[in-house]
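Dumped final-v2.txt below, it's compact mmCIF, C-alpha atoms:
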# COMPACT_ATOMS: atom_id res chain seq x y z
CA MET Q 1 -6.08 -97.76 3.40
CA VAL Q 2 -5.81 -94.05 3.59
CA ALA Q 3 -5.18 -92.48 6.98
CA ARG Q 4 -7.45 -89.39 7.35
CA HIS Q 5 -5.95 -88.21 10.60
CA GLY Q 6 -2.93 -86.99 8.66
CA ALA Q 7 -4.86 -84.06 7.29
CA GLU Q 8 -6.34 -83.11 10.64
CA VAL Q 9 -3.03 -82.17 12.20
CA ILE Q 10 -2.59 -79.54 9.46
CA HIS Q 11 -4.90 -76.80 10.69
CA SER Q 12 -2.83 -73.82 9.60
CA MET Q 13 -3.91 -70.23 9.13
CA ASP Q 14 -2.12 -70.29 5.77
CA SER Q 15 -4.16 -71.42 2.83
CA THR Q 16 -1.10 -73.04 1.29
CA SER Q 17 -1.29 -75.74 3.91
CA MET Q 18 -4.61 -77.08 2.58
CA PRO Q 19 -4.46 -80.33 0.52
CA LEU Q 20 -4.49 -79.78 -3.20
CA ARG Q 21 -7.11 -81.23 -5.53
CA GLY Q 22 -6.13 -84.73 -6.58
CA GLN Q 23 -3.58 -84.95 -3.83
CA ASN Q 24 -3.66 -87.88 -1.51
CA VAL Q 25 -5.13 -86.61 1.70
CA GLY Q 26 -2.86 -88.90 3.56
CA LEU Q 27 0.13 -87.00 2.31
CA SER Q 28 -0.16 -83.45 3.55
CA ALA Q 29 1.42 -80.54 1.76
CA PRO Q 30 4.55 -79.19 3.41
CA THR Q 31 3.80 -76.49 5.93
CA PRO Q 32 5.52 -73.14 5.18
CA ARG Q 33 7.99 -72.03 7.79
CA HIS Q 34 6.02 -68.92 8.72
CA SER Q 35 2.77 -70.88 9.07
CA VAL Q 36 1.66 -71.52 12.61
CA SER Q 37 -1.37 -73.53 13.63
CA HIS Q 38 -4.11 -71.88 15.64
CA GLN Q 39 -3.56 -74.22 18.55
CA GLN Q 40 0.15 -73.50 18.57
CA TRP Q 41 -0.33 -69.78 19.24
CA THR Q 42 -0.15 -68.96 22.94
CA ASN Q 43 0.12 -65.46 24.43
CA GLY Q 44 1.12 -64.00 21.09
CA SER Q 45 4.12 -66.29 20.49
CA PRO Q 46 4.39 -69.63 18.71
CA THR Q 47 5.03 -72.92 20.47
CA HIS Q 48 7.55 -75.33 19.03
CA GLN Q 49 6.67 -78.66 17.53
CA PRO Q 50 8.89 -81.58 17.95
CA MET Q 51 11.58 -81.64 15.27
CA ASP Q 52 13.85 -84.32 14.08
CA ASP Q 53 17.57 -84.04 14.69
CA GLU Q 54 18.40 -82.75 11.18
CA GLU Q 55 15.85 -79.98 11.29
CA ASP Q 56 16.54 -79.04 14.87
CA LYS Q 57 20.18 -78.43 14.05
CA TYR Q 58 19.21 -75.42 11.89
CA ALA Q 59 16.08 -74.25 13.64
CA LYS Q 60 17.06 -74.20 17.27
CA HIS Q 61 18.74 -70.81 16.90
CA ALA Q 62 16.00 -69.37 14.64
CA LYS Q 63 12.78 -67.67 15.69
CA VAL Q 64 9.53 -68.35 13.97
CA PRO Q 65 8.12 -64.86 13.12
CA SER Q 66 4.53 -63.92 13.61
CA PRO Q 67 2.51 -63.20 10.48
CA ARG Q 68 2.08 -59.63 11.82
CA THR Q 69 5.65 -59.16 12.98
CA PRO Q 70 8.04 -57.71 10.38
CA PRO Q 71 11.04 -59.91 9.66
CA GLU Q 72 14.30 -59.09 11.29
CA MET Q 73 17.12 -57.43 9.40
CA PRO Q 74 20.73 -58.53 9.76
CA ASN Q 75 21.45 -55.71 12.20
CA GLY Q 76 18.72 -56.82 14.55
CA SER Q 77 16.14 -54.16 13.62
CA ARG Q 78 12.90 -54.79 11.78
CA TRP Q 79 11.51 -53.48 8.54
CA GLY Q 80 9.16 -50.50 9.04
CA THR Q 81 10.43 -49.62 12.54
CA ARG Q 82 13.57 -47.59 12.16
CA ARG Q 83 15.17 -46.56 15.43
CA ALA Q 84 16.51 -43.07 16.07
CA THR Q 85 18.11 -41.39 19.03
CA ASN Q 86 14.95 -39.50 19.86
CA GLY Q 87 12.57 -42.47 19.70
CA TRP Q 88 10.71 -44.58 17.22
CA ILE Q 89 10.06 -43.34 13.71
CA GLY Q 90 7.23 -44.80 11.69
CA SER Q 91 5.39 -46.36 14.63
CA ARG Q 92 4.33 -45.47 18.13
CA SER Q 93 6.73 -45.73 20.99
CA PRO Q 94 6.86 -49.26 22.45
CA SER Q 95 6.33 -47.78 25.91
CA ARG Q 96 2.69 -47.09 25.03
CA GLY Q 97 2.05 -50.74 24.45
CA VAL Q 98 0.05 -50.14 21.28
CA ALA Q 99 1.41 -51.29 17.98
CA THR Q 100 0.67 -49.15 14.92
CA LEU Q 101 1.39 -49.83 11.30
CA SER Q 102 4.55 -47.97 10.41
CA GLY Q 103 3.15 -46.55 7.13
CA LYS Q 104 0.62 -44.28 8.87
CA GLY Q 105 3.20 -42.87 11.24
CA ALA Q 106 5.67 -42.24 8.45
CA GLY Q 107 3.01 -40.41 6.40
CA ARG Q 108 2.07 -38.29 9.38
CA GLY Q 109 5.70 -37.38 9.91
CA ARG Q 110 6.11 -36.38 6.28
CA ARG Q 111 3.05 -34.14 6.48
CA LYS Q 112 4.36 -32.44 9.59
CA LYS Q 113 7.63 -31.76 7.82
CA ARG Q 114 5.68 -29.98 5.06
CA TYR Q 115 3.87 -27.62 7.44
CA PRO Q 116 6.73 -25.06 7.77
CA THR Q 117 7.11 -24.91 3.98
CA LEU Q 118 3.38 -24.38 3.46
CA ALA Q 119 3.33 -21.71 6.17
CA LEU Q 120 6.25 -19.91 4.51
CA LEU Q 121 4.52 -19.99 1.12
CA ALA Q 122 1.31 -18.62 2.64
CA ALA Q 123 3.25 -15.81 4.34
CA LEU Q 124 4.96 -14.90 1.06
CA MET Q 125 1.61 -14.80 -0.75
CA VAL Q 126 0.12 -12.49 1.88
CA LEU Q 127 3.20 -10.28 1.74
CA TRP Q 128 2.99 -10.14 -2.06
CA VAL Q 129 -0.68 -9.08 -1.99
CA PHE Q 130 -0.36 -6.51 0.78
CA ALA Q 131 3.18 -5.26 0.06
CA PRO Q 132 1.99 -1.98 -1.59
CA ALA Q 133 -0.34 -1.22 1.32
CA ILE Q 134 2.40 -1.98 3.84
CA HIS Q 135 4.80 0.27 1.93
CA HIS Q 136 2.24 3.10 1.85
CA VAL Q 137 1.58 2.80 5.57
CA VAL Q 138 5.28 2.80 6.48
CA THR Q 139 5.95 5.77 4.19
CA GLY Q 140 2.91 7.57 5.56
CA VAL Q 141 4.03 7.13 9.16
CA HIS Q 142 7.38 8.63 8.22
CA LYS Q 143 5.88 11.61 6.41
CA VAL Q 144 3.20 12.36 8.99
CA PHE Q 145 4.96 11.69 12.29
CA ILE Q 146 8.71 11.27 11.84
CA ARG Q 147 9.67 13.83 9.21
CA GLY Q 148 8.58 16.73 11.39
CA TYR Q 149 11.12 15.70 14.05
CA LEU Q 150 13.94 15.20 11.57
CA PHE Q 151 13.46 18.41 9.60
CA SER Q 152 12.17 21.75 10.77
CA ILE Q 153 10.57 24.56 8.79
CA GLU Q 154 10.66 28.12 9.99
CA ARG Q 155 7.11 29.19 10.73
CA PRO Q 156 5.16 31.04 13.43
CA HIS Q 157 2.86 29.08 15.68
CA HIS Q 158 -0.03 31.34 14.72
CA CYS Q 159 0.19 31.81 10.96
CA LEU Q 160 -1.04 35.11 9.50
CA PRO Q 161 -2.35 35.28 5.89
CA SER Q 162 0.67 37.34 4.83
CA THR Q 163 3.40 35.23 6.49
CA PRO Q 164 6.30 35.07 4.00
CA ALA Q 165 8.23 31.92 3.25
CA PRO Q 166 11.75 31.56 4.68
CA GLN Q 167 14.24 33.09 2.29
CA ASP Q 168 15.97 29.80 1.57
CA LEU Q 169 12.62 28.29 0.50
CA ALA Q 170 11.16 31.33 -1.27
CA ASP Q 171 14.05 31.47 -3.74
CA ASP Q 172 12.64 34.61 -5.39
CA ASP Q 173 15.80 36.62 -6.03
CA PRO Q 174 16.58 37.55 -9.66
CA ILE Q 175 18.83 35.12 -11.51
CA ALA Q 176 22.00 36.56 -12.96
CA ASN Q 177 22.70 36.23 -16.69
CA LEU Q 178 18.96 36.12 -17.51
CA PRO Q 179 16.85 38.97 -18.93
CA PRO Q 180 15.36 41.31 -16.31
CA ALA Q 181 11.77 40.96 -15.20
CA ASP Q 182 8.97 42.49 -17.23
CA LEU Q 183 6.64 44.19 -14.76
CA ALA Q 184 4.40 45.98 -17.21
CA ASP Q 185 0.65 45.83 -16.61
CA LEU Q 186 0.79 44.57 -13.05
CA PRO Q 187 -2.66 43.77 -11.67
CA GLY Q 188 -4.36 46.50 -9.70
CA GLU Q 189 -6.73 46.38 -6.78
CA ILE Q 190 -10.35 45.38 -7.15
CA PRO Q 191 -12.71 48.34 -6.77
CA ALA Q 192 -13.74 48.74 -3.17
CA ASN Q 193 -17.43 49.11 -4.02
CA ARG Q 194 -17.85 45.49 -5.03
CA LYS Q 195 -17.00 42.13 -3.59
CA PRO Q 196 -14.49 40.07 -5.58
CA LYS Q 197 -15.84 37.04 -7.38
CA VAL Q 198 -13.95 33.96 -6.23
CA GLY Q 199 -14.02 30.39 -7.50
CA ILE Q 200 -12.59 27.25 -5.87
CA VAL Q 201 -11.40 24.70 -8.42
CA SER Q 202 -10.56 21.03 -7.88
CA LEU Q 203 -10.27 17.88 -9.98
CA CYS Q 204 -11.41 14.31 -9.40
CA ASP Q 205 -10.89 11.22 -11.51
CA HIS Q 206 -11.52 7.49 -11.04
CA ASN Q 207 -8.24 7.07 -9.17
CA VAL Q 208 -9.45 9.05 -6.14
CA ASP Q 209 -13.00 7.74 -5.76
CA ALA Q 210 -12.43 6.99 -2.07
CA ILE Q 211 -12.00 10.65 -1.08
CA CYS Q 212 -13.45 12.65 -3.98
CA ALA Q 213 -17.00 13.19 -2.64
CA ALA Q 214 -15.83 14.11 0.84
CA SER Q 215 -13.15 16.45 -0.51
CA VAL Q 216 -15.64 18.34 -2.67
CA ALA Q 217 -18.07 18.52 0.27
CA ASN Q 218 -15.33 20.08 2.40
CA LYS Q 219 -14.73 22.80 -0.20
CA GLN Q 220 -18.48 23.34 -0.55
CA ALA Q 221 -18.91 23.86 3.19
CA TYR Q 222 -16.16 26.48 3.12
CA ALA Q 223 -17.60 28.16 0.02
CA ASP Q 224 -21.08 28.30 1.58
CA ARG Q 225 -19.58 30.07 4.54
CA HIS Q 226 -18.03 32.89 2.44
CA GLY Q 227 -20.10 33.01 -0.74
CA TYR Q 228 -17.58 31.41 -3.13
CA ASP Q 229 -18.25 29.09 -6.06
CA VAL Q 230 -17.02 25.51 -6.21
CA ILE Q 231 -16.00 24.14 -9.63
CA VAL Q 232 -15.31 20.46 -10.26
CA ASP Q 233 -15.12 19.71 -13.99
CA SER Q 234 -14.25 16.08 -14.67
CA GLU Q 235 -14.95 16.38 -18.40
CA ILE Q 236 -12.01 18.72 -18.90
CA ILE Q 237 -9.46 16.06 -17.94
CA ASP Q 238 -7.06 15.32 -20.81
CA GLU Q 239 -6.47 11.56 -20.85
CA SER Q 240 -3.27 11.94 -22.86
CA ARG Q 241 -1.51 13.27 -19.76
CA PRO Q 242 -1.61 12.46 -16.05
CA THR Q 243 -4.69 14.02 -14.44
CA SER Q 244 -2.72 16.60 -12.47
CA TRP Q 245 -1.77 18.39 -15.69
CA SER Q 246 -5.45 19.13 -16.37
CA LYS Q 247 -5.61 21.62 -13.50
CA LEU Q 248 -4.03 24.05 -15.99
CA LEU Q 249 -6.90 23.49 -18.43
CA ALA Q 250 -9.52 23.95 -15.70
CA MET Q 251 -7.95 27.17 -14.43
CA ARG Q 252 -7.50 28.50 -17.96
CA LYS Q 253 -11.15 27.77 -18.76
CA TYR Q 254 -12.77 29.36 -15.69
CA LEU Q 255 -10.34 32.14 -14.74
CA PRO Q 256 -11.85 34.69 -17.19
CA TYR Q 257 -15.15 34.49 -15.24
CA TYR Q 258 -13.68 35.31 -11.82
CA ASP Q 259 -11.48 37.91 -10.21
CA TYR Q 260 -9.26 35.09 -8.96
CA LEU Q 261 -9.33 31.34 -8.58
CA PHE Q 262 -8.22 29.19 -5.69
CA TYR Q 263 -7.08 25.80 -6.96
CA VAL Q 264 -6.79 22.96 -4.41
CA ASP Q 265 -5.81 19.34 -5.00
CA VAL Q 266 -8.34 16.67 -4.09
CA ASP Q 267 -6.12 15.48 -1.20
CA THR Q 268 -6.45 18.80 0.64
CA ILE Q 269 -8.74 19.60 3.57
CA ILE Q 270 -9.79 23.11 4.55
CA ALA Q 271 -9.31 22.83 8.29
CA ASN Q 272 -10.01 26.44 9.32
CA VAL Q 273 -13.10 27.84 7.60
CA ASP Q 274 -12.70 31.23 9.28
CA VAL Q 275 -9.81 32.22 6.99
CA LYS Q 276 -10.90 34.33 4.01
CA LEU Q 277 -9.21 34.31 0.62
CA GLU Q 278 -9.62 38.09 0.48
CA ASP Q 279 -7.14 38.30 3.36
CA ILE Q 280 -4.55 36.23 1.47
CA VAL Q 281 -4.70 37.75 -1.99
CA ASP Q 282 -2.06 40.38 -2.75
CA TYR Q 283 -3.04 42.69 -5.59
CA GLY Q 284 0.56 43.46 -6.41
CA TYR Q 285 1.14 39.94 -7.76
CA ASP Q 286 -0.44 37.77 -10.43
CA GLN Q 287 -0.28 34.55 -8.43
CA ILE Q 288 0.50 33.27 -4.94
CA LEU Q 289 2.14 29.94 -4.15
CA ALA Q 290 3.46 28.35 -0.97
CA ALA Q 291 6.90 26.81 -0.55
CA ASP Q 292 7.75 23.67 1.40
CA ARG Q 293 11.06 21.85 1.79
CA ASN Q 294 11.15 21.14 -1.95
CA GLY Q 295 10.36 24.69 -2.97
CA LEU Q 296 7.18 25.77 -4.77
CA ASN Q 297 4.16 23.50 -4.54
CA CYS Q 298 1.32 24.15 -6.97
CA GLY Q 299 -1.08 21.72 -5.30
CA VAL Q 300 -2.63 24.83 -3.74
CA TRP Q 301 -2.59 27.91 -5.95
CA LEU Q 302 -4.20 31.37 -5.84
CA ILE Q 303 -4.16 33.12 -9.22
CA ARG Q 304 -5.51 36.48 -10.39
CA ASN Q 305 -7.48 37.05 -13.58
CA THR Q 306 -4.88 38.99 -15.62
CA PRO Q 307 -3.61 38.67 -19.18
CA TRP Q 308 -0.23 37.57 -17.87
CA SER Q 309 -1.82 34.79 -15.75
CA LEU Q 310 -3.68 33.43 -18.77
CA TRP Q 311 -0.45 33.48 -20.77
CA PHE Q 312 1.43 31.73 -17.97
CA LEU Q 313 -1.11 28.86 -17.79
CA ASP Q 314 -0.75 28.38 -21.55
CA GLU Q 315 3.03 28.45 -21.26
CA MET Q 316 3.02 25.76 -18.57
CA TRP Q 317 0.78 23.51 -20.68
CA ALA Q 318 3.10 23.99 -23.65
CA GLN Q 319 6.04 22.28 -21.88
CA GLU Q 320 5.38 18.96 -23.60
CA GLN Q 321 8.98 17.84 -23.17
CA LEU Q 322 8.25 17.47 -19.44
CA VAL Q 323 5.16 15.29 -19.77
CA ALA Q 324 7.14 12.10 -20.23
CA PRO Q 325 10.84 13.08 -20.16
CA SER Q 326 13.34 10.58 -21.52
CA THR Q 327 15.64 11.19 -18.56
CA ARG Q 328 14.83 11.32 -14.88
CA VAL Q 329 13.94 14.79 -13.65
CA LEU Q 330 12.76 16.14 -10.35
CA PHE Q 331 9.12 16.38 -9.31
CA HIS Q 332 6.03 14.99 -10.99
CA TYR Q 333 3.67 16.15 -13.70
CA GLU Q 334 2.94 19.91 -13.84
CA GLN Q 335 5.32 20.53 -10.92
CA ARG Q 336 8.15 19.98 -13.40
CA ALA Q 337 6.83 22.74 -15.64
CA MET Q 338 6.43 25.11 -12.70
CA HIS Q 339 9.99 24.59 -11.44
CA TYR Q 340 11.44 24.76 -14.94
CA LEU Q 341 9.72 28.06 -15.79
CA TYR Q 342 10.48 29.48 -12.36
CA GLN Q 343 14.05 28.13 -12.53
CA SER Q 344 14.02 27.22 -8.87
CA ARG Q 345 17.28 26.66 -7.09
CA VAL Q 346 16.65 22.94 -6.60
CA TRP Q 347 15.82 22.57 -10.31
CA ARG Q 348 18.95 24.38 -11.49
CA ARG Q 349 21.11 22.34 -9.14
CA ALA Q 350 19.72 18.95 -10.20
CA VAL Q 351 18.75 19.44 -13.86
CA LYS Q 352 21.50 20.66 -16.13
CA GLY Q 353 20.42 22.39 -19.29
CA GLU Q 354 19.50 25.66 -20.93
CA PRO Q 355 17.60 27.87 -18.42
CA TYR Q 356 14.24 29.37 -19.24
CA LYS Q 357 14.83 32.93 -20.43
CA GLY Q 358 11.72 34.45 -18.86
CA ALA Q 359 12.34 33.07 -15.37
CA ASN Q 360 12.98 36.49 -13.77
CA THR Q 361 9.60 37.77 -14.92
CA ILE Q 362 7.82 34.76 -13.44
CA ARG Q 363 9.72 35.19 -10.18
CA ALA Q 364 8.80 38.88 -9.94
CA ARG Q 365 5.09 38.23 -10.55
CA THR Q 366 4.82 35.31 -8.10
CA LYS Q 367 4.41 35.85 -4.38
CA VAL Q 368 5.78 32.97 -2.29
CA VAL Q 369 4.23 32.57 1.14
CA ASN Q 370 4.92 30.27 4.04
CA SER Q 371 3.33 26.84 3.70
CA CYS Q 372 1.38 27.49 6.90
CA VAL Q 373 -0.66 30.13 5.03
CA PHE Q 374 -2.57 27.65 2.84
CA ASN Q 375 -0.50 24.53 2.19
CA SER Q 376 0.47 22.87 5.48
CA LEU Q 377 1.92 19.39 5.22
CA PRO Q 378 0.93 16.95 8.02
CA ALA Q 379 4.43 16.86 9.51
CA TRP Q 380 4.34 20.61 10.19
CA TYR Q 381 0.61 21.21 10.53
CA VAL Q 382 -0.53 23.20 13.56
CA LYS Q 383 -4.14 23.39 14.64
CA GLY Q 384 -5.56 26.62 13.28
CA ASP Q 385 -3.79 26.42 9.90
CA PHE Q 386 -6.02 27.10 6.91
CA VAL Q 387 -5.38 24.07 4.64
CA VAL Q 388 -3.68 20.74 5.26
CA HIS Q 389 -2.28 19.05 2.16
CA LEU Q 390 -1.62 15.30 2.16
CA ALA Q 391 1.06 15.60 -0.52
CA GLY Q 392 3.30 12.57 -0.80
CA LEU Q 393 0.96 10.16 0.97
CA LYS Q 394 -0.26 7.19 -1.04
CA GLY Q 395 -2.99 4.58 -0.90
CA ILE Q 396 -4.40 3.56 2.45
CA ALA Q 397 -2.14 6.01 4.33
CA LYS Q 398 -3.58 8.96 2.41
CA CYS Q 399 -7.16 7.73 2.88
CA LEU Q 400 -6.76 7.24 6.64
CA ALA Q 401 -5.11 10.64 7.06
CA PHE Q 402 -7.84 12.26 4.97
CA ARG Q 403 -10.50 10.52 7.05
CA HIS Q 404 -8.96 11.95 10.23
CA TYR Q 405 -8.53 15.56 9.09
CA TYR Q 406 -11.82 15.71 7.21
CA GLY Q 407 -13.78 14.21 10.09
CA THR Q 408 -12.24 16.68 12.52
CA ALA Q 409 -12.93 19.70 10.30
CA ARG Q 410 -16.51 18.59 9.62
CA ARG Q 411 -17.27 18.06 13.28
CA GLU Q 412 -15.80 21.41 14.35
CA MET Q 413 -17.68 23.24 11.60
CA THR Q 414 -20.97 21.64 12.61
CA GLU Q 415 -20.45 22.41 16.29
CA LYS Q 416 -19.56 26.03 15.54
CA TYR Q 417 -21.98 26.96 12.76
CA GLY Q 418 -24.72 24.36 12.87
CA ALA Q 419 -25.97 21.90 10.28
CA LEU Q 420 -24.34 21.79 6.85
CA THR Q 421 -26.13 21.91 3.53
CA ASP Q 422 -26.86 18.65 1.74
CA GLU Q 423 -23.99 19.20 -0.72
CA ALA Q 424 -21.56 19.78 2.14
CA ASN Q 425 -22.83 17.07 4.44
CA VAL Q 426 -20.95 13.96 3.28
CA GLU Q 427 -19.69 11.26 5.58
CA PRO Q 428 -15.93 10.60 5.68
CA PRO Q 429 -14.65 7.50 3.86
CA THR Q 430 -15.11 4.30 5.82
CA LEU Q 431 -12.30 1.99 6.83
CA THR Q 432 -13.52 -0.51 4.24
CA THR Q 433 -13.34 2.16 1.56
CA CYS Q 434 -9.82 3.07 2.62
CA LEU Q 435 -8.76 -0.59 2.48
CA PHE Q 436 -10.34 -1.52 -0.84
CA GLY Q 437 -11.27 1.75 -2.56
CA ARG Q 438 -9.32 3.63 -5.21
CA ILE Q 439 -7.00 6.20 -3.72
Step by step, read the file and then write its structure as structure tokens.
Amino acid sequence: MVARHGAEVIHSMDSTSMPLRGQNVGLSAPTPRHSVSHQQWTNGSPTHQPMDDEEDKYAKHAKVPSPRTPPEMPNGSRWGTRRATNGWIGSRSPSRGVATLSGKGAGRGRRKKRYPTLALLAALMVLWVFAPAIHHVVTGVHKVFIRGYLFSIERPHHCLPSTPAPQDLADDDPIANLPPADLADLPGEIPANRKPKVGIVSLCDHNVDAICAASVANKQAYADRHGYDVIVDSEIIDESRPTSWSKLLAMRKYLPYYDYLFYVDVDTIIANVDVKLEDIVDYGYDQILAADRNGLNCGVWLIRNTPWSLWFLDEMWAQEQLVAPSTRVLFHYEQRAMHYLYQSRVWRRAVKGEPYKGANTIRARTKVVNSCVFNSLPAWYVKGDFVVHLAGLKGIAKCLAFRHYYGTARREMTEKYGALTDEANVEPPTLTTCLFGRI
């Protein structure tokens, strides 16, 4: 007779303890060591069943693990709960009384370790994107605010139209060992019974869209005040050279129609509209340029309509060896041609080579004035100066500086002389334009 009560005592949570098909129910399957009956579990720990002497000899020192308790390792710790000096790793601290699976805690710890690396990568990406803008801002702060304290330029506080450049910057003495100057056919004075015809020339291309419209409007407001013409010819730009070279083409094209031309770079602002070009022009010279710390600067240029002036513009354009020189030379673009033909002191000192033979003639026909006359750089600008030139500033720094000077000049002109014409009434570039526009 089969005893059925034998199977009833085996009420384990482990499915392996159930009788197999075809097995005599009176003979129960051996219970696995980690299997504990439901009735045997009390307060989270197993109760011991009676054991025979042979089994008790090996089991009395052993603990029966819970199905949810990781097995012990030889050193007394458990899998998944590695101890460290600063607490538990992979599970919550036992002091909280809440047990957590060690895998979640370990994953969270690994993610936290990755946060500094991800933050560093994000910072590097931001730096990479904004590095040019940061460089332009830092350079601009130096050139606008710091350079004026480090270097001084001799100038009067109130600059007259005829203020000469300091002798060390003018550099207009004849050069020894070169042919003497040819002063034939010097320009004479304009007849007193007629007003001179004056044109203001500037150039804009797609690289200065952020400030082009406002810059032209500034020149137009000044021209309206004194009856000058404003000329902006974008079609004359020669794409085979940097845009700045094309100022020579524009001046050569329009000079025959005027008594003299006043060329100004697009990054200039006429800050004092009360100054007249008639007060600056000197009829004993073919052209007038201002000198800064680097010598002549042809970003602002007053030139008479004479045969020699037309020849000189052609001669500058003909210096093709300076468009893209194979070796590093001073200055940029047409400035190289100007300093080479003029044989300035800084050029002769830095660039070794055969001097230009006609340099003394160019020196004698060029009047060099103080930069405060019509080419003030921000570091040495004084309120009341005629023109401020943002030479050397790049990108966002140039746009922000232009926005400041243009806005100030526009506001003062409106307050003093009333509303501007539609062509001269252009808003300054916005901050968004300065950040993302072409400049």
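Proximity to Val208 in chain Q at 12 Å, evaluated using all atoms listed in the file and with sequence-adjacent residues fewer than 4 positions away removed, yields Leu203, Cys204, Cys212, Ala213, Ala214, Ser215, Val216, Thr243, Ser244, Asp265, Val266, Asp267, Lys394, Gly395, Ile396, Lys398, Cys399, Phe402, Pro429, Thr433, Cys434, Phe436, Gly437, Arg438 and Ile439 of chain Q.
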Proximity to Ser309 in chain Q - best of Q:Leu248, Q:Leu330, Q:Ala131, Q:Ala409, all atoms listed in the file: Q:Leu248
Polymer residues at most 8 Å from range 425-428 of chain Q, only C-alpha atoms, same-chain spacing of 3 or more positions, as a PyMOL selection string: chain Q and resi 211+213-214+217+221+403+406-407+420-422
d(CA of Leu277 in chain Q, CA of Leu302 in chain Q) in Å: 8.7 Å
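Counting from CA of Phe145 in chain Q, the distance to CA of Ala123 in chain Q is 28.7 Å.
The spacing separating CA of Ser234 in chain Q from CA of Pro196 in chain Q amounts to 25.7 Å.
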Which of Q:Ala364, Q:Leu310, Q:Ala290, Q:Val232 sits closest to Leu255 in chain Q [using all atoms listed in the file]: Q:Leu310
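Each of Q:Gly353, Q:Gly418, Q:Gly384, Q:Pro242 was compared to His157 in chain Q using all atoms listed in the file, and Q:Gly384 turns out to be the nearest.
With all atoms listed in the file as the basis for measurement, Q:Asp259 is the residue among Q:His389, Q:Ala397, Q:Asp259, Q:Ala122 that approaches Arg194 in chain Q most closely.
Proximity of Q:Ala401, Q:Val329, Q:Leu150, Q:Leu183 to Arg365 in chain Q, computed with only C-alpha atoms, is greatest for Q:Leu183.
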Surrounding residues of Gly295 in chain Q excluding itself and chain neighbours under 4 positions, 7 Å, only C-alpha atoms, as a PyMOL selection string: chain Q and resi 169-170+291
Test item: residues at most 10 Å from Gly299 in chain Q, all atoms listed in the file, excluding those fewer than 2 positions along its chain, as a PyMOL selection string: chain Q and resi 202+244+247+263-268+289-290+296-297+301+334-335+375+389-391
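Considering all atoms listed in the file, the residue among Q:Leu127, Q:Ala359, Q:Val351, Q:Ala424 positioned nearest to Val230 in chain Q is Q:Ala424.
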